[in-house]
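What follows is one structure encoded as structure tokens, with my remarks underneath.
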Amino acid sequence: MENDSAKTIKDQWKVDPLEGVTLNDVQQTIVDEALGNAESMRTEKQVSMELENKYSGSFGECDFVIEGLDTESLKKLLRNVYINENPKWHSERNSLVHIKIVMSRGLQTKDTDLSKAALYHDIAKFDTVSFNKAGWPTSLGHDKAGAEVAKADGCDEMVIYICAKHMVIKGWQAESEGGVLNPGTKFKIFTEAPGADNNEKAKAFWKLCVFSKMDNMSYDFDYNKLEWNNPSYDKWDEECPLKDEFKKSELVEIKAEKAPVLFTAQEIMKFGAKGPQIGQINKEISGKTKEEAFEIIKKILGNPDLTMESKRWIKTFESFRMSRINENTAEGKEMTLNIFAPVSVVVDIEDGVVTNFSGDEIEREGINSYGEKDFQEAFEPFKKAGVKVSYTPWRSEDGDDYEGSYSIDVPSLNDAIKNKKITIIVDPEDPEEYLEIKNK
């Protein structure tokens, strides 16, 4: 009978991976489907045995390494046998087979860090699994969770770094299941590498680059073409085997100038734009002058008589507050809370600071982001202040982009404002967007 399958895993390893685990609805569905106890909710995928057949000769050695895990980590890893992954990225039978393929490639490198990272990189996939909008299993956050398991099991900082970054690195050059990276994210991946200086960081970052190829099931992995005995930042452009893909110029901080906001979402809505018109306007006015943008708005809205109100611009927020110190109180004023997408809310403002939100909940769906970490960072000030926040990142149907939804509990937000645990500073004359959110 076939090894590394949901039906044989207990007999093969003499351990029940699900023992002591309370399954959520998604996990139970995945297990039932894998065991043949329920009909699959997805179109049957075309499984490819090509990579498994190529590397199965190393699976015995992989099993020997896996046997070295403690009982809980072993069960955590073996639970991946139940995951039948998205065929866009994984044509293998299940996630456990994928892990063994990556481990086999790691053994080829004879590098202890890469081999260890292969063991742990997807160890938390089952424990973090959910369904994307197309119904395929996806495990957002499994990279960070896997890094935590590696850390708890005593792995060194190099292995922890590779596990934590193995998803985000996939978007370095082009679209992938890790999304597409901006320059700031690329620099952050490099600067967070372990090492006291750039040459030491380059050694860690290079291993992450190699691992990204080990983990890529569409990449014809050949370590002989990737071997670099002494990676260094100084010699990156001269010696790095992947220098054209992972450019040295991208390992430095690039501070891109932020494009000026020609018209805020609130202003566009005041012009009369609704629904899809707002997105169309934002797209078409990008890179235009304010006057050109306004002509585009008039054309899209079909209103040639539309007029644009003039604004008084203040050099600094502090000078604005001083100039408005006696007249910047407003009750029931509308503003836009712009976390990832503009949400219109009604607030009370005093001295440029929000003192109260109306309603019970602020919520938004269909937000674009770079991934789960964006959500965590954006809502960190709220969470620190004790505000009840829920946010759900997911991948778009084609798997390339992250989207999501969030909700903020208004009563707990008002309590945090009242107790000065959080301060939301706005422009009281024109509060379409918050200027700053900070904690006590």
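Ordered as shown in the structure tokens, chains take letters A, B, and onward, while each chain numbers its residues from 1 and ligands are numbered from 1 in the order shown.
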Using backbone DSSP assignments, extract all strand (DSSP E or B) residues from stretch 123-320 of chain A; output them as an MDAnalysis selection string.
chainID A and resid 130:131 137:138
For A:Ser91, list every protein, DNA or RNA residue within 9 Å, evaluated using only C-alpha atoms, and leave out those in the same chain fewer than 3 positions away; present the list as a tab-separated table (two decimals) with N, CA and C atoms, in the first residue's frame.
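The resulting around16.tsv:
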chain	number	residue	atom	x	y	z
A	45	LYS	N	-7.96	17.42	-8.75
A	45	LYS	CA	-6.76	17.96	-9.40
A	45	LYS	C	-5.97	16.83	-10.08
A	46	GLN	N	-5.20	17.23	-11.06
A	46	GLN	CA	-4.35	16.30	-11.78
A	46	GLN	C	-3.04	16.16	-11.00
A	47	VAL	N	-2.89	15.05	-10.30
A	47	VAL	CA	-1.68	14.83	-9.49
A	47	VAL	C	-0.53	14.42	-10.40
A	48	SER	N	0.63	15.04	-10.16
A	48	SER	CA	1.83	14.67	-10.89
A	48	SER	C	2.77	13.90	-9.96
A	49	MET	N	3.25	12.77	-10.43
A	49	MET	CA	4.18	11.95	-9.64
A	49	MET	C	5.63	12.20	-10.07
A	84	ASN	N	-4.37	18.43	0.58
A	84	ASN	CA	-4.28	18.32	-0.87
A	84	ASN	C	-4.23	19.74	-1.42
A	85	GLU	N	-3.04	20.21	-1.76
A	85	GLU	CA	-2.84	21.64	-1.99
A	85	GLU	C	-3.27	22.12	-3.37
A	86	ASN	N	-3.31	23.44	-3.49
A	86	ASN	CA	-3.71	24.11	-4.72
A	86	ASN	C	-2.80	23.67	-5.88
A	87	PRO	N	-3.38	23.11	-6.95
A	87	PRO	CA	-2.55	22.62	-8.06
A	87	PRO	C	-1.80	23.72	-8.80
A	88	LYS	N	-2.21	24.97	-8.58
A	88	LYS	CA	-1.47	26.06	-9.24
A	88	LYS	C	-0.04	26.10	-8.74
A	94	ASN	N	0.24	15.32	-1.69
A	94	ASN	CA	-0.14	16.02	-0.46
A	94	ASN	C	1.04	16.83	0.04
A	217	MET	N	8.35	24.09	-6.78
A	217	MET	CA	8.11	22.81	-7.45
A	217	MET	C	8.18	22.90	-8.98
For A:Val65, find every residue with an atom within 12 Å (counting only C-alpha atoms), except residues of its own chain fewer than 3 positions away, and show them as a list in words.
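Listing them by chain and then by number gives Ser58, Phe59, Gly60, Glu61, Cys62, Gly68, Leu69, Asp70, Leu74, Lys100, Met103, Ser104, Gly106, Leu107, Thr112, Ser115, Lys116, Ala118, Leu119 and Tyr120 of chain A.
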Determine, counting only C-alpha atoms, which protein, DNA and RNA residues have an atom within 9 Å of an atom of stretch 273-287 of chain A; residues of the same chain fewer than 5 positions away are not included. Present the result as a PyMOL selection string.
chain A and resi 259+262-263+265+268+292-294+296-297+300-301
Skip A:Asp215 itself and residues of its chain fewer than 5 positions away, then list as number ranges by chain all residues within 10 Å of it, counting only C-alpha atoms.
A: 98-99, 101-103, 105-106, 118, 121-122, 166-167, 170, 210, 221
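When only C-alpha atoms are used to compute distances to A:Pro260, the closest of the residues A:Lys440, A:Lys14, A:Lys225, A:Lys288 turns out to be A:Lys288.
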Distance of atom CA of A:Gln12 from atom CA of A:Lys144, expressed in Å to one decimal place:
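Distance reported for this atom pair: 28.8 Å.
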Residues of stretch 36-149 of chain A that have any atom at most 10 Å from an atom of stretch 189-207 of chain A: could you tabulate them with the shortest-distance atom pair and the distance in Å to one decimal, using only C-alpha atoms, ordered by chain and increasing number, as a Markdown table?
| residue | atom | partner | partner_atom | distance |
| --- | --- | --- | --- | --- |
| A:Asp111 | CA | A:Lys207 | CA | 9.2 |
| A:Asp113 | CA | A:Lys207 | CA | 8.2 |
| A:Leu114 | CA | A:Lys207 | CA | 7.0 |
Write the selection just made, keeping N, CA and C atoms, as an mmCIF file, in the first residue's frame?
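File produced: result-v7.cif:
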data_model
loop_
_atom_site.group_PDB
_atom_site.id
_atom_site.type_symbol
_atom_site.label_atom_id
_atom_site.label_comp_id
_atom_site.auth_asym_id
_atom_site.auth_seq_id
_atom_site.Cartn_x
_atom_site.Cartn_y
_atom_site.Cartn_z
ATOM 1 N N ASP A 111 24.104 21.021 3.188
ATOM 2 C CA ASP A 111 24.118 22.185 4.080
ATOM 3 C C ASP A 111 23.136 21.921 5.218
ATOM 4 N N ASP A 113 21.900 23.847 7.574
ATOM 5 C CA ASP A 113 20.842 24.844 7.744
ATOM 6 C C ASP A 113 19.716 24.641 6.741
ATOM 7 N N LEU A 114 20.070 24.404 5.480
ATOM 8 C CA LEU A 114 19.059 24.212 4.445
ATOM 9 C C LEU A 114 18.269 22.927 4.683
#
For stretch 19-33 of chain A, please output as a VMD selection string all residues within 12 Å (counting only C-alpha atoms; exclusion window: fewer than 6 positions along the same chain).
chain A and resid 5 to 7 10 39 to 42 44 71 to 72 74 to 76 78 to 85 94 125 to 132 135 to 139
